[in-house]
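*Asks:* Structure supplied as final.txt; contents: compact mmCIF, C-alpha atoms and all ligand atoms.
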```txt
# COMPACT_ATOMS: atom_id res chain seq x y z
CA MET A 1 142.17 104.50 -65.45
CA THR A 2 143.18 103.98 -69.09
CA VAL A 3 145.13 100.79 -69.65
CA GLY A 4 147.79 100.14 -72.27
CA PHE A 5 149.25 96.75 -73.20
CA ILE A 6 152.51 96.00 -75.03
CA GLY A 7 153.37 92.46 -76.21
CA LEU A 8 150.37 90.54 -77.54
CA GLY A 9 151.87 87.06 -77.82
CA THR A 10 151.08 83.69 -76.25
CA MET A 11 150.36 85.29 -72.85
CA GLY A 12 149.60 88.89 -73.81
CA PHE A 13 146.80 88.12 -76.24
CA PRO A 14 144.60 86.09 -73.84
CA MET A 15 145.24 88.70 -71.12
CA VAL A 16 144.13 91.50 -73.48
CA THR A 17 141.08 89.44 -74.44
CA ARG A 18 140.08 89.20 -70.75
CA LEU A 19 140.68 92.90 -70.07
CA LEU A 20 138.51 93.87 -73.06
CA ALA A 21 135.79 91.46 -71.95
CA ALA A 22 135.91 93.05 -68.47
CA GLY A 23 135.10 96.43 -70.05
CA HIS A 24 138.53 98.09 -70.10
CA GLU A 25 139.33 100.34 -73.05
CA LEU A 26 142.79 99.28 -74.18
CA VAL A 27 145.57 100.91 -76.19
CA VAL A 28 147.89 98.18 -77.51
CA TYR A 29 151.17 97.74 -79.34
CA ASP A 30 153.19 94.78 -80.67
CA SER A 31 156.13 94.89 -83.08
CA SER A 32 154.44 92.07 -85.02
CA ALA A 33 151.69 93.42 -87.29
CA PRO A 34 149.60 90.19 -87.22
CA ALA A 35 149.69 90.13 -83.39
CA LEU A 36 148.58 93.79 -83.29
CA HIS A 37 145.82 93.13 -85.81
CA LYS A 38 144.44 90.21 -83.77
CA ALA A 39 144.00 92.46 -80.73
CA THR A 40 142.54 95.42 -82.64
CA ALA A 41 140.05 93.04 -84.25
CA LEU A 42 138.71 92.50 -80.71
CA GLY A 43 138.24 96.24 -80.17
CA ALA A 44 141.59 97.42 -78.75
CA GLU A 45 142.99 100.75 -80.05
CA PRO A 46 146.33 100.34 -81.86
CA ALA A 47 149.43 102.47 -81.19
CA ASP A 48 152.48 102.60 -83.47
CA CYS A 49 155.17 102.38 -80.75
CA PRO A 50 155.50 101.92 -76.96
CA LYS A 51 155.49 105.74 -76.51
CA GLY A 52 152.20 105.84 -78.44
CA VAL A 53 150.68 103.56 -75.79
CA ALA A 54 152.22 105.61 -72.95
CA ASP A 55 150.93 108.88 -74.47
CA ARG A 56 147.35 107.63 -74.15
CA ALA A 57 147.33 105.27 -71.13
CA ASP A 58 148.15 106.08 -67.49
CA THR A 59 148.75 102.40 -66.70
CA VAL A 60 150.92 100.46 -69.16
CA LEU A 61 151.17 96.67 -68.90
CA ALA A 62 153.71 94.60 -70.86
CA SER A 63 154.26 90.90 -71.59
CA LEU A 64 157.54 90.65 -73.52
CA PRO A 65 159.91 87.79 -74.35
CA SER A 66 163.27 88.92 -72.90
CA PRO A 67 164.89 91.31 -70.41
CA GLN A 68 166.61 93.15 -73.29
CA ILE A 69 163.30 93.73 -75.06
CA SER A 70 161.57 94.95 -71.86
CA GLN A 71 164.43 97.40 -71.32
CA GLN A 72 164.31 98.58 -74.93
CA VAL A 73 160.52 99.00 -74.85
CA VAL A 74 160.78 101.13 -71.71
CA THR A 75 163.98 103.13 -72.16
CA GLY A 76 164.68 102.95 -75.93
CA THR A 77 163.72 105.53 -78.56
CA ASP A 78 159.95 106.01 -78.58
CA GLY A 79 159.83 103.98 -75.39
CA VAL A 80 157.33 103.99 -72.52
CA ALA A 81 159.53 106.40 -70.51
CA GLU A 82 158.90 109.11 -73.15
CA GLY A 83 155.11 108.85 -72.83
CA ASP A 84 153.08 111.96 -71.92
CA ARG A 85 150.41 110.28 -69.83
CA VAL A 86 151.86 107.13 -68.28
CA ALA A 87 151.99 107.14 -64.47
CA ARG A 88 152.89 103.49 -63.88
CA PHE A 89 154.47 100.62 -65.80
CA VAL A 90 153.54 97.05 -64.88
CA ASP A 91 155.83 94.39 -66.36
CA LEU A 92 154.18 90.97 -66.50
CA SER A 93 157.25 89.47 -68.26
CA THR A 94 159.91 87.33 -66.58
CA ILE A 95 163.07 89.45 -66.78
CA GLY A 96 165.01 88.84 -63.55
CA ALA A 97 165.55 91.18 -60.60
CA GLN A 98 168.45 93.14 -62.11
CA SER A 99 166.52 94.22 -65.21
CA ALA A 100 163.46 95.07 -63.10
CA GLN A 101 165.64 97.26 -60.83
CA HIS A 102 167.21 98.94 -63.87
CA ILE A 103 163.77 99.70 -65.35
CA SER A 104 162.50 100.97 -62.00
CA ARG A 105 165.46 103.39 -61.64
CA LYS A 106 165.11 104.68 -65.21
CA LEU A 107 161.35 105.27 -64.84
CA ALA A 108 161.75 106.94 -61.42
CA ARG A 109 163.69 109.74 -63.19
CA GLN A 110 160.50 110.53 -65.17
CA GLN A 111 158.28 110.20 -62.05
CA ILE A 112 156.82 106.96 -63.46
CA ALA A 113 156.24 104.13 -60.97
CA ALA A 114 157.34 100.58 -61.82
CA LEU A 115 155.78 97.34 -60.65
CA ASP A 116 157.38 94.05 -61.61
CA SER A 117 154.55 91.57 -61.89
CA PRO A 118 155.65 88.25 -63.41
CA VAL A 119 152.97 85.60 -63.76
CA SER A 120 152.67 81.85 -63.41
CA GLY A 121 149.97 79.55 -64.73
CA GLY A 122 150.66 79.40 -68.47
CA VAL A 123 148.35 80.06 -71.38
CA GLY A 124 145.50 78.20 -69.67
CA GLY A 125 145.80 80.48 -66.63
CA ALA A 126 145.91 83.56 -68.88
CA GLU A 127 142.76 82.43 -70.71
CA LYS A 128 140.84 81.54 -67.55
CA GLY A 129 142.06 84.49 -65.46
CA THR A 130 143.66 82.21 -62.87
CA LEU A 131 147.30 83.34 -63.10
CA ALA A 132 149.39 83.70 -59.97
CA ILE A 133 150.62 87.30 -60.26
CA MET A 134 153.65 88.14 -58.12
CA VAL A 135 154.00 91.89 -57.61
CA SER A 136 156.74 94.07 -56.16
CA GLY A 137 157.16 97.84 -56.03
CA PRO A 138 155.37 100.68 -54.22
CA ARG A 139 152.42 99.32 -52.19
CA ALA A 140 150.18 102.25 -53.16
CA GLU A 141 150.75 101.48 -56.85
CA PHE A 142 149.89 97.83 -56.25
CA ASP A 143 146.64 98.93 -54.60
CA ALA A 144 145.92 101.22 -57.57
CA VAL A 145 146.23 98.45 -60.20
CA ARG A 146 144.98 95.52 -58.16
CA HIS A 147 141.50 95.58 -59.76
CA VAL A 148 143.08 95.40 -63.24
CA LEU A 149 145.40 92.52 -62.29
CA ALA A 150 142.46 90.72 -60.63
CA VAL A 151 140.93 90.30 -64.12
CA LEU A 152 144.01 88.22 -65.01
CA GLY A 153 144.38 86.15 -61.86
CA ASN A 154 145.35 86.34 -58.23
CA PRO A 155 147.71 89.25 -57.46
CA ILE A 156 150.04 88.56 -54.53
CA PHE A 157 152.11 91.43 -53.10
CA VAL A 158 155.67 90.15 -52.57
CA GLY A 159 157.27 93.35 -51.22
CA GLU A 160 158.29 96.93 -51.98
CA GLN A 161 161.84 96.08 -53.07
CA PRO A 162 162.07 96.35 -56.89
CA GLY A 163 162.87 92.94 -58.39
CA ALA A 164 161.59 90.89 -55.44
CA ALA A 165 158.70 89.46 -57.48
CA GLN A 166 161.12 88.57 -60.27
CA THR A 167 163.26 86.59 -57.84
CA MET A 168 160.11 84.82 -56.61
CA LYS A 169 159.10 84.01 -60.19
CA LEU A 170 162.54 82.56 -61.01
CA ILE A 171 162.26 80.35 -57.90
CA ASN A 172 158.83 79.17 -59.05
CA ASN A 173 160.07 78.41 -62.57
CA LEU A 174 163.14 76.55 -61.36
CA MET A 175 160.75 74.30 -59.39
CA ALA A 176 158.61 73.81 -62.51
CA ALA A 177 161.74 73.09 -64.58
CA ALA A 178 163.01 70.61 -61.98
CA THR A 179 159.78 68.63 -61.79
CA LEU A 180 159.38 68.50 -65.57
CA ALA A 181 163.00 67.38 -66.04
CA ALA A 182 162.70 64.74 -63.30
CA THR A 183 159.38 63.44 -64.67
CA ALA A 184 160.89 63.22 -68.16
CA GLU A 185 163.90 61.27 -66.93
CA VAL A 186 161.91 58.72 -64.90
CA MET A 187 159.34 58.26 -67.66
CA VAL A 188 162.11 57.41 -70.15
CA MET A 189 163.56 54.95 -67.64
CA GLY A 190 160.15 53.30 -67.10
CA VAL A 191 159.38 53.00 -70.81
CA LYS A 192 162.79 51.43 -71.43
CA ALA A 193 162.00 48.95 -68.65
CA GLY A 194 158.78 48.04 -70.45
CA LEU A 195 156.20 50.03 -68.46
CA GLU A 196 153.16 51.59 -70.14
CA PRO A 197 153.46 55.45 -70.21
CA SER A 198 149.82 56.21 -69.40
CA VAL A 199 149.80 53.66 -66.58
CA MET A 200 152.97 55.25 -65.16
CA ILE A 201 151.34 58.70 -65.19
CA ASP A 202 148.20 57.30 -63.47
CA VAL A 203 150.34 55.72 -60.74
CA LEU A 204 152.50 58.84 -60.23
CA ASN A 205 149.35 60.96 -59.95
CA ALA A 206 147.84 58.61 -57.38
CA GLY A 207 151.04 58.48 -55.36
CA SER A 208 153.76 60.65 -53.83
CA GLY A 209 155.51 61.20 -57.17
CA ALA A 210 152.77 63.51 -58.49
CA THR A 211 153.89 66.89 -59.82
CA HIS A 212 152.42 69.57 -62.06
CA ALA A 213 154.35 67.84 -64.86
CA SER A 214 152.68 64.46 -64.27
CA ARG A 215 149.23 65.97 -63.64
CA ASP A 216 149.11 68.44 -66.51
CA LYS A 217 152.13 68.70 -68.84
CA PHE A 218 152.57 64.99 -69.63
CA PRO A 219 148.87 64.16 -70.17
CA ARG A 220 148.33 67.28 -72.32
CA ALA A 221 151.50 67.55 -74.38
CA VAL A 222 153.82 64.51 -74.06
CA LEU A 223 151.64 61.36 -73.96
CA PRO A 224 149.65 62.54 -77.04
CA ARG A 225 152.99 63.61 -78.68
CA THR A 226 151.62 67.09 -79.45
CA PHE A 227 154.37 69.08 -77.66
CA ASP A 228 152.15 72.16 -77.60
CA PHE A 229 151.81 73.08 -73.92
CA GLY A 230 152.48 76.75 -74.80
CA PHE A 231 155.85 77.71 -73.28
CA ALA A 232 158.84 77.98 -75.63
CA THR A 233 162.14 76.22 -74.82
CA GLN A 234 163.96 79.55 -75.30
CA LEU A 235 161.81 81.11 -72.53
CA MET A 236 162.59 78.23 -70.14
CA VAL A 237 166.30 78.56 -70.93
CA LYS A 238 166.08 82.34 -70.32
CA ASP A 239 164.49 81.76 -66.91
CA ILE A 240 167.02 79.10 -65.82
CA ARG A 241 169.94 81.30 -66.94
CA LEU A 242 168.45 84.22 -64.97
CA TYR A 243 168.02 81.97 -61.91
CA LEU A 244 171.62 80.75 -62.16
CA SER A 245 172.93 84.27 -62.52
CA GLU A 246 171.00 85.53 -59.46
CA ALA A 247 171.85 82.44 -57.40
CA SER A 248 175.55 82.66 -58.20
CA ALA A 249 175.56 86.38 -57.24
CA LEU A 250 174.05 85.31 -53.90
CA GLN A 251 176.69 82.53 -53.56
CA VAL A 252 174.12 79.80 -52.80
CA PRO A 253 174.34 76.14 -53.96
CA THR A 254 173.25 75.59 -57.58
CA ASP A 255 174.18 71.92 -58.22
CA LEU A 256 170.62 70.96 -59.12
CA ALA A 257 169.87 74.13 -61.10
CA GLU A 258 173.05 73.67 -63.14
CA ALA A 259 172.16 70.06 -64.02
CA ILE A 260 168.63 71.10 -65.00
CA GLY A 261 170.04 74.01 -66.99
CA ARG A 262 172.29 71.66 -69.00
CA LEU A 263 169.27 69.51 -69.95
CA TRP A 264 167.41 72.52 -71.35
CA GLU A 265 170.48 73.90 -73.11
CA THR A 266 170.64 70.50 -74.91
CA THR A 267 166.93 70.79 -75.76
CA LEU A 268 167.53 74.30 -77.11
CA GLN A 269 170.35 73.00 -79.34
CA THR A 270 168.50 69.92 -80.61
CA ALA A 271 164.80 70.88 -80.70
CA GLY A 272 165.29 74.61 -81.36
CA PRO A 273 164.36 77.82 -79.51
CA ARG A 274 160.69 77.86 -80.54
CA SER A 275 160.06 74.22 -79.62
CA ASP A 276 157.69 73.65 -76.69
CA PHE A 277 159.53 73.16 -73.39
CA THR A 278 157.97 69.69 -73.04
CA SER A 279 160.45 68.76 -75.83
CA ILE A 280 162.94 68.17 -73.00
CA VAL A 281 161.90 64.49 -73.24
CA LYS A 282 163.20 64.20 -76.82
CA PRO A 283 167.00 64.18 -76.28
CA MET A 284 166.45 61.75 -73.38
CA GLU A 285 164.32 59.50 -75.59
CA THR A 286 166.96 59.58 -78.32
CA ALA A 287 169.71 58.67 -75.85
CA ALA A 288 167.62 55.77 -74.49
CA GLY A 289 166.23 54.62 -77.87
CA VAL A 290 162.58 54.76 -76.68
CA GLU A 291 159.53 57.01 -77.04
CA ILE A 292 157.01 58.02 -74.36
CA ASP A 293 153.92 57.44 -76.46
CA GLY A 294 150.61 57.37 -74.62
CA ARG A 295 148.33 57.40 -77.67
CA ASP A 296 145.80 54.65 -77.95
CA PRO A 297 147.22 52.23 -80.56
CA GLY A 298 143.64 51.28 -81.48
CA LEU A 299 142.86 54.79 -82.77
CA PRO A 300 143.59 55.65 -86.42
CA SER A 301 146.42 58.18 -86.72
CA GLU A 302 145.54 61.57 -88.30
P1 LIG B 1 155.69 85.38 -76.91
O1 LIG B 1 157.00 85.36 -77.61
O2 LIG B 1 154.60 84.48 -77.36
O3 LIG B 1 155.08 86.88 -76.95
C1 LIG B 1 155.87 88.03 -76.89
C2 LIG B 1 155.24 89.11 -77.77
O4 LIG B 1 156.06 90.29 -77.67
C3 LIG B 1 155.16 88.73 -79.26
O5 LIG B 1 153.86 88.98 -79.76
C4 LIG B 1 156.19 89.66 -79.92
O6 LIG B 1 155.85 90.02 -81.25
C5 LIG B 1 156.17 90.83 -78.97
N1 LIG B 1 157.38 91.66 -79.06
C6 LIG B 1 158.66 91.24 -79.21
N2 LIG B 1 159.49 92.30 -79.26
C7 LIG B 1 158.70 93.41 -79.12
C8 LIG B 1 158.97 94.81 -79.08
N3 LIG B 1 160.20 95.29 -79.18
N4 LIG B 1 157.91 95.66 -78.94
C9 LIG B 1 156.65 95.18 -78.83
N5 LIG B 1 156.34 93.86 -78.87
C10 LIG B 1 157.36 93.00 -78.99
O7 LIG B 1 156.03 85.17 -75.37
P2 LIG B 1 155.02 84.68 -74.22
O8 LIG B 1 155.04 83.19 -74.12
O9 LIG B 1 153.73 85.41 -74.36
O10 LIG B 1 155.83 85.20 -72.93
C11 LIG B 1 155.85 86.58 -72.58
C12 LIG B 1 156.48 86.71 -71.20
O11 LIG B 1 155.70 85.99 -70.23
C13 LIG B 1 157.91 86.10 -71.13
O12 LIG B 1 158.70 86.91 -70.30
C14 LIG B 1 157.68 84.75 -70.53
O13 LIG B 1 158.82 84.28 -69.84
C15 LIG B 1 156.53 85.02 -69.58
N6 LIG B 1 155.68 83.87 -69.28
C16 LIG B 1 155.24 83.04 -70.28
C17 LIG B 1 154.43 81.95 -69.95
C18 LIG B 1 153.92 80.99 -71.00
O14 LIG B 1 153.36 79.96 -70.60
N7 LIG B 1 154.07 81.28 -72.28
C19 LIG B 1 154.06 81.72 -68.61
C20 LIG B 1 154.51 82.60 -67.63
C21 LIG B 1 155.32 83.67 -67.97
```
What would the structure in this file look like if it were written as structure tokens?

*Replies:*
Amino acid sequence: MTVGFIGLGTMGFPMVTRLLAAGHELVVYDSSAPALHKATALGAEPADCPKGVADRADTVLASLPSPQISQQVVTGTDGVAEGDRVARFVDLSTIGAQSAQHISRKLARQQIAALDSPVSGGVGGAEKGTLAIMVSGPRAEFDAVRHVLAVLGNPIFVGEQPGAAQTMKLINNLMAAATLAATAEVMVMGVKAGLEPSVMIDVLNAGSGATHASRDKFPRAVLPRTFDFGFATQLMVKDIRLYLSEASALQVPTDLAEAIGRLWETTLQTAGPRSDFTSIVKPMETAAGVEIDGRDPGLPSE
């Protein structure tokens, strides 16, 4: 099996690094020349467009920043669908069920199988190979690529229906968004009341208020004021908008998701699209007139 990889960004690059280290020969493409250069410096073969990858690889993986870009990379001019060799396309991006179904239909016309395979676990998971990988599409295709996905994390088959794994991923991310937003709001409240941020996090983590946000995101990116967890605000906003769109099509309650969505839309406006999603605390801090600062005051600042 020859593997191709398109999209060598925050997630794609560490995944490519792992695949190369596991002995796969990779053909790669990214529209950013520096991103492409970084991967070829590790030994990957460069291609000059998505078709170039799909001409040389039977299995093409992608990790791209938006549904529009995934669709363009697959069905646009010089896209994956025009490739001579590709037999299956595995999209590791979060693009929503509708886009995954659209891609699956388009590729089926060229006898190319599609697996939607969004991932959870962040940059750390991509580096360590511990991502949760949700996969939907033909079972036989899942079985064919399982050993490749296993280099990146734990592949879980969600079902044959195209888009099912995307729906699962949006559910996962709404939960992550909810717990980060809730942790941010209570931390601002506690600091305003005079509580010590790092003590609050210790107590939450020892009690029933513990979440992934209190265990990992706050200690790593908010308390030290680094805001560098590795997931852009614009990606979080994309995922919440996709969740809201799918939930409203299903006519299910979205009161909580809408409130959470408004908080991140505010973060997008004030902190900017490329800000880290942990920046959600900043508009709350501004409104309250406090800062969640867990740095040791005894240490000299850099
Ligand atoms: P990113 O923006 O860091 O990387 C995307 C890469 O795609 C960039 O290198 C960019 O140059 C490239 N690209 C853009 N347009 C292209 C095109 N037309 N052709 C080829 N390459 C193109 O994004 P990321 O954080 O790596 O996220 C990628 C996907 O993974 C997104 O769908 C995101 O929602 C999902 N995801 C991210 C994380 C995370 O923690 N960052 C976690 C889980 C899932």

*Asks:* Please identify all polymer residues within 9 Å of region 260-273 of chain A, counting all atoms listed in the file, omitting same-chain residues fewer than 4 positions from it, and present them as a list in words.

*Replies:*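 My list of contacting residues is Leu174, Ala177, Ala178, Ala181, Ala182, Ala232, Thr233, Gln234, Leu235, Met236, Val237, Ile240, Arg241, Leu244, Asp255, Leu256, Phe277, Ser279, Ile280, Val281, Lys282, Pro283 and Met284 of chain A.
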
*Asks:* Can you pull out every residue within 12 Å of Gln166 (chain A), counting all atoms listed in the file, but drop anything in the same chain fewer than 5 positions away, and send it as an NGL selection string?

*Replies:* :A and (67 or 91-101 or 115-120 or 133-137 or 157-159 or 161 or 171-173 or 239 or 242-243 or 246)

*Asks:* Could you build a table of the residues in chain A lying no more than 6 Å from ligand LIG 1 (chain B), giving for each the nearest pair of atoms and their separation in Å rounded to one decimal place, using all atoms listed in the file, ordered by chain and ascending residue number, as a Markdown table?

*Replies:*
```
| residue | atom | partner | partner_atom | distance |
| --- | --- | --- | --- | --- |
| A:Ile6 | CA | B:LIG1 | C9 | 5.7 |
| A:Gly7 | CA | B:LIG1 | O4 | 3.8 |
| A:Leu8 | CA | B:LIG1 | O5 | 4.4 |
| A:Gly9 | CA | B:LIG1 | O3 | 3.3 |
| A:Thr10 | CA | B:LIG1 | O9 | 3.7 |
| A:Met11 | CA | B:LIG1 | O9 | 3.7 |
| A:Gly12 | CA | B:LIG1 | O9 | 5.4 |
| A:Asp30 | CA | B:LIG1 | N5 | 3.7 |
| A:Ser31 | CA | B:LIG1 | C9 | 4.3 |
| A:Ser32 | CA | B:LIG1 | O6 | 4.5 |
| A:Ala35 | CA | B:LIG1 | O5 | 5.6 |
| A:Ser63 | CA | B:LIG1 | C11 | 4.7 |
| A:Leu64 | CA | B:LIG1 | O4 | 4.4 |
| A:Pro65 | CA | B:LIG1 | C13 | 4.2 |
| A:Ser66 | CA | B:LIG1 | O12 | 5.6 |
| A:Ile69 | CA | B:LIG1 | N3 | 5.4 |
| A:Val73 | CA | B:LIG1 | N3 | 5.7 |
| A:Ser93 | CA | B:LIG1 | O12 | 3.6 |
| A:Thr94 | CA | B:LIG1 | O12 | 3.9 |
| A:Val119 | CA | B:LIG1 | C20 | 5.1 |
| A:Ser120 | CA | B:LIG1 | C20 | 4.7 |
| A:Gly122 | CA | B:LIG1 | O14 | 3.5 |
| A:Val123 | CA | B:LIG1 | O14 | 5.1 |
| A:Gly230 | CA | B:LIG1 | O14 | 5.4 |
| A:Phe231 | CA | B:LIG1 | N7 | 4.1 |
| A:Leu235 | CA | B:LIG1 | O13 | 5.1 |
```

*Asks:* What's around region 39-48 of chain A at 10 Å? Count only C-alpha atoms, leave out sequence neighbours fewer than 4 positions away in its own chain, and write the answer as a VMD selection string.

*Replies:* chain A and resid 4 to 6 8 to 9 12 to 14 16 to 17 19 to 21 24 to 31 33 to 35 52 to 56 78

*Asks:* Would you list the residues near (144.2, 102.8, -70.5), meaning any protein, DNA or RNA residue with an atom at most 6 Å from that point in file coordinates, counting all atoms listed in the file, as a list in words?

*Replies:*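 Within 6 Å of (144.2, 102.8, -70.5), the protein and nucleic acid residues are Met1, Thr2, Val3, Gly4, Leu26, Ala57, Asp58 and Thr59 of chain A.
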
*Asks:* Give the answer as one residue: which of A:Leu170, A:Ala164, A:Met175, A:Met15 has the shortest atom-to-atom distance to Gly125 (chain A), using all atoms listed in the file?

*Replies:*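 Distance minimum relative to Gly125 (chain A) lands on A:Met15.
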
*Asks:* Find the residue from A:Leu204, A:Ala213, A:Ala259, A:Val290 that sits nearest to Val188 (chain A); use all atoms listed in the file when measuring.

*Replies:*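 Comparing A:Leu204, A:Ala213, A:Ala259, A:Val290 against Val188 (chain A), the winner is A:Val290.
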
*Asks:* How far is it from CA of Thr167 (chain A) to CA of Gly83 (chain A), in Å with one decimal?

*Replies:* 28.0 Å

*Asks:* CA of Ala132 (chain A) to CA of Asn154 (chain A): how many Å, to one decimal?

*Replies:*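 CA of Asn154 (chain A) lies 5.1 Å from CA of Ala132 (chain A).
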
*Asks:* Kindly give the distance, in Å, that separates CA of His147 (chain A) and CA of Gln111 (chain A), rounded to a single decimal.

*Replies:*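 Between CA of His147 (chain A) and CA of Gln111 (chain A) the gap works out to 22.4 Å.
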
*Asks:* Can you pull out the residues contacting Leu107 (chain A)? Cut-off 12 Å, using only C-alpha atoms, and skip same-chain residues under 2 positions away; I want them as a PyMOL selection string.

*Replies:* chain A and resi 71+73-76+79-83+86-90+100-105+109-115+162

*Asks:* Take the residues that were just selected and, keeping C-alpha atoms, output them as a short mmCIF file (atom, residue, chain, number, x, y, z; two decimals), in the frame of the given file.

*Replies:*
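Resulting contents of out_10.cif:
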```cif
data_model
loop_
_atom_site.label_atom_id
_atom_site.label_comp_id
_atom_site.auth_asym_id
_atom_site.auth_seq_id
_atom_site.Cartn_x
_atom_site.Cartn_y
_atom_site.Cartn_z
CA GLN A 71 164.43 97.40 -71.32
CA VAL A 73 160.52 99.00 -74.85
CA VAL A 74 160.78 101.13 -71.71
CA THR A 75 163.98 103.13 -72.16
CA GLY A 76 164.68 102.95 -75.93
CA GLY A 79 159.83 103.98 -75.39
CA VAL A 80 157.33 103.99 -72.52
CA ALA A 81 159.53 106.40 -70.51
CA GLU A 82 158.90 109.11 -73.15
CA GLY A 83 155.11 108.85 -72.83
CA VAL A 86 151.86 107.13 -68.28
CA ALA A 87 151.99 107.14 -64.47
CA ARG A 88 152.89 103.49 -63.88
CA PHE A 89 154.47 100.62 -65.80
CA VAL A 90 153.54 97.05 -64.88
CA ALA A 100 163.46 95.07 -63.10
CA GLN A 101 165.64 97.26 -60.83
CA HIS A 102 167.21 98.94 -63.87
CA ILE A 103 163.77 99.70 -65.35
CA SER A 104 162.50 100.97 -62.00
CA ARG A 105 165.46 103.39 -61.64
CA ARG A 109 163.69 109.74 -63.19
CA GLN A 110 160.50 110.53 -65.17
CA GLN A 111 158.28 110.20 -62.05
CA ILE A 112 156.82 106.96 -63.46
CA ALA A 113 156.24 104.13 -60.97
CA ALA A 114 157.34 100.58 -61.82
CA LEU A 115 155.78 97.34 -60.65
CA PRO A 162 162.07 96.35 -56.89
#
```

*Asks:* Here is a test: counting only C-alpha atoms, which residue of A:Lys192, A:Ser245, A:Asp216, A:Pro138 is nearest to Gly289 (chain A)?

*Replies:*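 Using only C-alpha atoms, the shortest distance to Gly289 (chain A) belongs to A:Lys192.
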
*Asks:* Mind giving me the axis-aligned box for region 45-58 of chain A with 4 Å on every side, centre plus edges in Å to one decimal, as AutoDock Vina command-line options?

*Replies:*
```
--center_x 149.2 --center_y 104.6 --center_z -75.5 --size_x 20.5 --size_y 16.5 --size_z 24.0
```

*Asks:* With all atoms listed in the file as the counted atoms, please give the residues lying no more than 8 Å from Ser214 (chain A), apart from itself and same-chain residues fewer than 4 positions off, as a list in words.

*Replies:* Leu180, Thr183, Ile201, Leu204, Asn205, Ala210, Phe218 and Pro219 of chain A

*Asks:* Of the candidates A:Ala140, A:Val186, A:Ala150, A:Met168, which one gets nearest to Ala288 (chain A) if we count only C-alpha atoms?

*Replies:*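 Nearest candidate to Ala288 (chain A) out of A:Ala140, A:Val186, A:Ala150, A:Met168: A:Val186.
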
*Asks:* Complete the atom set of region 132-142 of chain A to N, CA, C and O atoms and return it as a PDB file, in the coordinates of the input.

*Replies:*
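What ended up in selection.pdb:
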```
ATOM      1  N   ALA A 132     148.792  83.170 -61.196  1.00  0.00           N
ATOM      2  CA  ALA A 132     149.390  83.700 -59.970  1.00  0.00           C
ATOM      3  C   ALA A 132     150.216  84.897 -60.409  1.00  0.00           C
ATOM      4  O   ALA A 132     151.072  84.771 -61.283  1.00  0.00           O
ATOM      5  N   ILE A 133     149.932  86.073 -59.840  1.00  0.00           N
ATOM      6  CA  ILE A 133     150.620  87.300 -60.260  1.00  0.00           C
ATOM      7  C   ILE A 133     151.432  87.819 -59.070  1.00  0.00           C
ATOM      8  O   ILE A 133     150.865  88.217 -58.054  1.00  0.00           O
ATOM      9  N   MET A 134     152.764  87.736 -59.212  1.00  0.00           N
ATOM     10  CA  MET A 134     153.650  88.140 -58.120  1.00  0.00           C
ATOM     11  C   MET A 134     154.034  89.593 -58.351  1.00  0.00           C
ATOM     12  O   MET A 134     154.541  89.918 -59.421  1.00  0.00           O
ATOM     13  N   VAL A 135     153.787  90.460 -57.373  1.00  0.00           N
ATOM     14  CA  VAL A 135     154.000  91.890 -57.610  1.00  0.00           C
ATOM     15  C   VAL A 135     154.955  92.495 -56.586  1.00  0.00           C
ATOM     16  O   VAL A 135     154.807  92.260 -55.390  1.00  0.00           O
ATOM     17  N   SER A 136     155.939  93.268 -57.082  1.00  0.00           N
ATOM     18  CA  SER A 136     156.740  94.070 -56.160  1.00  0.00           C
ATOM     19  C   SER A 136     156.896  95.484 -56.673  1.00  0.00           C
ATOM     20  O   SER A 136     156.827  95.730 -57.885  1.00  0.00           O
ATOM     21  N   GLY A 137     157.079  96.416 -55.721  1.00  0.00           N
ATOM     22  CA  GLY A 137     157.160  97.840 -56.030  1.00  0.00           C
ATOM     23  C   GLY A 137     156.367  98.605 -54.978  1.00  0.00           C
ATOM     24  O   GLY A 137     155.977  98.020 -53.958  1.00  0.00           O
ATOM     25  N   PRO A 138     156.094  99.885 -55.225  1.00  0.00           N
ATOM     26  CA  PRO A 138     155.370 100.680 -54.220  1.00  0.00           C
ATOM     27  C   PRO A 138     153.992 100.099 -53.905  1.00  0.00           C
ATOM     28  O   PRO A 138     153.208  99.836 -54.824  1.00  0.00           O
ATOM     29  N   ARG A 139     153.696  99.935 -52.627  1.00  0.00           N
ATOM     30  CA  ARG A 139     152.420  99.320 -52.190  1.00  0.00           C
ATOM     31  C   ARG A 139     151.207 100.103 -52.727  1.00  0.00           C
ATOM     32  O   ARG A 139     150.214  99.511 -53.151  1.00  0.00           O
ATOM     33  N   ALA A 140     151.312 101.432 -52.709  1.00  0.00           N
ATOM     34  CA  ALA A 140     150.180 102.250 -53.160  1.00  0.00           C
ATOM     35  C   ALA A 140     149.882 102.005 -54.641  1.00  0.00           C
ATOM     36  O   ALA A 140     148.723 102.016 -55.066  1.00  0.00           O
ATOM     37  N   GLU A 141     150.938 101.758 -55.422  1.00  0.00           N
ATOM     38  CA  GLU A 141     150.750 101.480 -56.850  1.00  0.00           C
ATOM     39  C   GLU A 141     150.109 100.113 -57.045  1.00  0.00           C
ATOM     40  O   GLU A 141     149.269  99.923 -57.925  1.00  0.00           O
ATOM     41  N   PHE A 142     150.529  99.152 -56.211  1.00  0.00           N
ATOM     42  CA  PHE A 142     149.890  97.830 -56.250  1.00  0.00           C
ATOM     43  C   PHE A 142     148.390  97.975 -55.977  1.00  0.00           C
ATOM     44  O   PHE A 142     147.560  97.416 -56.701  1.00  0.00           O
TER      45      PHE A 142
END
```
